[in-house]
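Heads up, coords_32.cif below (mmCIF, C-alpha atoms):
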data_work
loop_
_atom_site.label_atom_id
_atom_site.label_comp_id
_atom_site.auth_asym_id
_atom_site.auth_seq_id
_atom_site.Cartn_x
_atom_site.Cartn_y
_atom_site.Cartn_z
CA MET D 261 18.28 72.70 -314.67
CA LEU D 262 20.88 70.92 -312.55
CA ASN D 263 23.14 70.43 -315.58
CA LYS D 264 22.91 74.14 -316.38
CA LEU D 265 23.72 74.95 -312.75
CA GLU D 266 26.83 72.77 -312.90
CA LYS D 267 27.90 74.55 -316.07
CA ALA D 268 27.36 77.95 -314.40
CA GLN D 269 29.32 76.82 -311.34
CA GLN D 270 32.20 75.65 -313.56
CA GLN D 271 32.15 78.84 -315.59
CA TRP D 272 31.81 81.40 -312.79
CA GLY D 273 32.65 79.51 -309.60
CA GLY D 274 35.37 81.37 -307.74
CA TYR D 275 34.84 84.48 -309.89
CA SER D 276 33.46 86.37 -306.92
CA ASP D 277 32.00 85.61 -303.51
CA VAL D 278 28.72 87.20 -304.58
CA ILE D 279 28.31 84.96 -307.62
CA ASP D 280 29.36 81.88 -305.61
CA TYR D 281 26.72 82.73 -302.99
CA TRP D 282 24.12 83.26 -305.72
CA LEU D 283 24.87 79.89 -307.30
CA THR D 284 24.77 78.16 -303.90
CA LEU D 285 21.31 79.58 -303.26
CA ARG D 286 20.25 78.40 -306.71
CA GLN D 287 21.50 74.90 -305.94
CA GLU D 288 19.58 74.81 -302.66
CA LEU D 289 16.43 75.97 -304.46
CA LEU D 290 16.82 73.30 -307.13
CA VAL D 291 17.25 70.56 -304.53
CA GLU D 292 14.03 71.62 -302.81
CA TYR D 293 12.24 71.95 -306.16
CA SER D 294 13.27 68.41 -307.10
CA LYS D 295 11.72 67.12 -303.91
CA VAL D 296 8.34 68.83 -304.31
CA ALA D 297 8.11 68.25 -308.06
CA GLY D 298 8.68 64.53 -307.61
CA LEU D 299 11.93 64.58 -309.55
CA SER D 300 13.86 62.85 -306.78
CA GLY D 301 12.96 59.68 -304.97
CA GLY D 302 10.90 56.77 -306.13
CA ASN D 303 7.25 57.81 -306.31
CA LYS D 304 6.63 60.56 -308.84
CA ASN D 305 2.87 60.51 -308.28
CA CYS D 306 3.12 61.30 -304.59
CA LEU D 307 2.28 64.69 -303.15
CA PRO D 308 5.04 66.45 -301.24
CA THR D 309 4.67 66.71 -297.50
CA GLU D 310 3.67 70.02 -295.97
CA GLN D 311 7.22 70.33 -294.61
CA GLU D 312 8.78 69.75 -298.05
CA LEU D 313 6.45 72.27 -299.63
CA ASN D 314 7.22 74.84 -296.94
CA ARG D 315 10.99 74.31 -297.36
CA PHE D 316 10.65 74.84 -301.10
CA CYS D 317 8.57 78.00 -300.64
CA GLU D 318 11.12 79.35 -298.14
CA ALA D 319 14.01 78.57 -300.52
CA LEU D 320 12.10 80.23 -303.37
CA VAL D 321 11.44 83.43 -301.42
CA ASP D 322 15.03 83.45 -300.09
CA TYR D 323 16.40 83.11 -303.62
CA ILE D 324 14.19 85.88 -305.02
CA SER D 325 14.88 88.17 -302.05
CA ALA D 326 18.62 87.62 -302.16
CA GLY D 327 18.60 88.35 -305.87
CA HIS D 328 16.58 91.53 -305.74
CA PHE D 329 17.77 92.98 -302.47
CA LYS D 330 21.35 91.82 -302.24
CA ILE D 331 23.02 90.09 -305.15
CA TYR D 332 21.87 92.25 -308.07
CA ASP D 333 22.80 95.40 -306.18
CA MET D 334 26.18 94.03 -305.12
CA VAL D 335 27.03 92.81 -308.62
CA MET D 336 25.91 96.05 -310.23
CA ASN D 337 27.76 98.19 -307.65
CA ARG D 338 30.95 96.22 -308.19
CA TRP D 339 30.50 96.47 -311.93
CA GLN D 340 29.85 100.22 -311.81
CA SER D 341 32.82 100.77 -309.46
CA THR D 342 35.10 99.65 -312.27
CA GLY D 343 33.87 102.53 -314.43
CA PHE D 344 31.15 100.79 -316.39
CA SER D 345 27.55 101.88 -316.50
CA SER D 346 24.41 99.98 -317.33
CA ASN D 347 23.34 99.61 -320.93
CA ALA D 348 20.14 98.65 -322.74
CA GLU D 349 21.08 94.95 -322.94
CA ILE D 350 21.69 94.70 -319.19
CA ASP D 351 18.58 96.71 -318.39
CA THR D 352 16.49 94.43 -320.63
CA LEU D 353 17.88 91.29 -319.00
CA TYR D 354 17.19 92.67 -315.55
CA SER D 355 13.61 93.56 -316.48
CA ARG D 356 13.08 90.01 -317.81
CA ILE D 357 14.32 88.65 -314.49
CA VAL D 358 11.94 90.95 -312.63
CA GLU D 359 9.04 89.70 -314.78
CA THR D 360 9.56 86.18 -313.39
CA THR D 361 9.22 87.34 -309.81
CA GLU D 362 5.45 87.84 -309.64
CA PRO D 363 4.40 84.35 -310.77
CA LEU D 364 6.94 82.75 -308.41
CA LEU D 365 5.70 84.79 -305.47
CA THR D 366 2.11 83.97 -306.43
CA PHE D 367 2.98 80.27 -306.17
CA ASN D 368 4.50 80.90 -302.75
CA ASP D 369 1.43 82.81 -301.58
CA LYS D 370 -0.84 80.03 -302.81
CA TYR D 371 1.08 77.04 -301.41
CA SER D 372 3.23 78.16 -298.48
CA ALA D 373 0.46 77.45 -295.97
CA PHE D 374 -1.45 75.00 -298.12
CA VAL D 375 -2.28 71.42 -297.27
CA LEU D 376 -2.22 69.25 -300.36
CA ASP D 377 -4.64 66.41 -300.84
CA GLU D 378 -5.78 64.25 -303.72
CA ASP D 379 -8.45 66.79 -304.72
CA ASN D 380 -5.91 69.46 -305.58
CA PHE D 381 -3.08 67.24 -306.84
CA ALA D 382 -3.71 68.01 -310.54
CA ARG D 383 -3.70 71.75 -309.92
CA PHE D 384 -0.51 71.50 -307.85
CA ASP D 385 1.15 69.34 -310.50
CA ASN D 386 0.41 71.97 -313.17
CA ASP D 387 1.49 74.83 -310.88
CA ILE D 388 4.80 73.23 -309.86
CA SER D 389 5.55 72.38 -313.48
CA ARG D 390 4.95 76.01 -314.46
CA VAL D 391 7.19 77.17 -311.59
CA GLY D 392 9.96 74.95 -312.96
CA GLU D 393 9.61 76.56 -316.38
CA ILE D 394 9.71 80.05 -314.88
CA MET D 395 12.74 79.21 -312.73
CA GLU D 396 14.57 77.87 -315.77
CA LEU D 397 13.81 81.06 -317.70
CA ARG D 398 14.95 83.17 -314.75
CA PHE D 399 18.20 81.21 -314.40
CA GLU D 400 18.93 81.65 -318.12
CA GLN D 401 18.42 85.41 -317.85
CA GLU D 402 20.57 85.59 -314.71
CA ASP D 403 23.33 83.60 -316.41
CA MET D 404 23.28 85.99 -319.37
CA LEU D 405 23.49 88.92 -316.95
CA ILE D 406 26.45 87.33 -315.15
CA GLN D 407 28.15 86.70 -318.51
CA LEU D 408 27.67 90.31 -319.65
CA ILE D 409 29.08 91.64 -316.42
CA ALA D 410 31.97 89.15 -316.40
CA ASP D 411 32.81 90.05 -320.02
CA SER D 412 32.73 93.76 -319.29
CA LEU D 413 34.91 93.39 -316.20
CA SER D 414 37.55 91.58 -318.24
CA ILE D 415 37.98 94.66 -320.46
CA PRO D 416 39.20 97.87 -318.79
CA PRO D 417 36.95 100.94 -319.21
CA GLY D 418 37.87 102.91 -322.30
CA ALA D 419 39.75 100.02 -323.92
#

Transcribe the structure of this file into structure tokens.
Amino acid sequence: MLNKLEKAQQQWGGYSDVIDYWLTLRQELLVEYSKVAGLSGGNKNCLPTEQELNRFCEALVDYISAGHFKIYDMVMNRWQSTGFSSNAEIDTLYSRIVETTEPLLTFNDKYSAFVLDEDNFARFDNDISRVGEIMELRFEQEDMLIQLIADSLSIPPGA
């Protein structure tokens, strides 16, 4: 996921403040995910601390909220201000992004105030792995949406 983020930053970094902000939030989320999923540091079989888990849950909710309530609207408004309107492909991508929201928020609801111990390690390990898969799917859909909008903005309306 980090390699894909770097590619997205190289491709769209500096394109707009909104997209830069979006990619920065994604990077922060991935850093926190790496910590709780045991992808960084030495012991991969160690449970995250309550503080690490809470930071990840906060970053997850911040990322989802910023996307739904700020970034998507800002990107779409900018896009529409140039004379373009939504199409089926963009609407489909957006709906796929929305479909990833519920399972991510369910994880947050389950673990944001949860104390992990050895008895629930296996369940957490499965849940955090699934969250990683969902985040990767979401990022792919978001990147396709950014690409569609970037492509359309490079061609004047009616051209």

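The spacing separating atom CA of Ala319 of chain D from atom CA of Glu288 of chain D amounts to 7.1 Å.
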
* Name the residues that the PyMOL selection byres ((chain D and resi 368) around 12) pulls out of this structure, and write them as a PyMOL selection string. => chain D and resi 313-322+324+361-367+369-374+384+387-388+391

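Coordinates place atom CA of Gly392 of chain D at a distance of 22.4 Å from atom CA of Gln407 of chain D.
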
* **Minimum-distance residue to Ile406 of chain D, chosen among D:Trp282, D:Asn386, D:Phe329, D:Asn347 (using all atoms listed in the file)** => D:Trp282

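Going from atom CA of Asp280 of chain D over to atom CA of Thr352 of chain D, you cover 23.4 Å.
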
* Asked: With all atoms listed in the file as the atoms that count, which of D:Ile394, D:Val358, D:Leu353, D:Ala297 lies nearest to Phe381 of chain D?
  -> D:Ala297

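With distances restricted to all atoms listed in the file, D:Leu283 is the closest residue to Tyr323 of chain D from D:Leu283, D:Val296, D:Leu405, D:Leu397.
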
* Which of D:Ser345, D:Ser294, D:Thr284, D:Gln401 sits closest to Ala326 of chain D [using all atoms listed in the file] -> D:Thr284
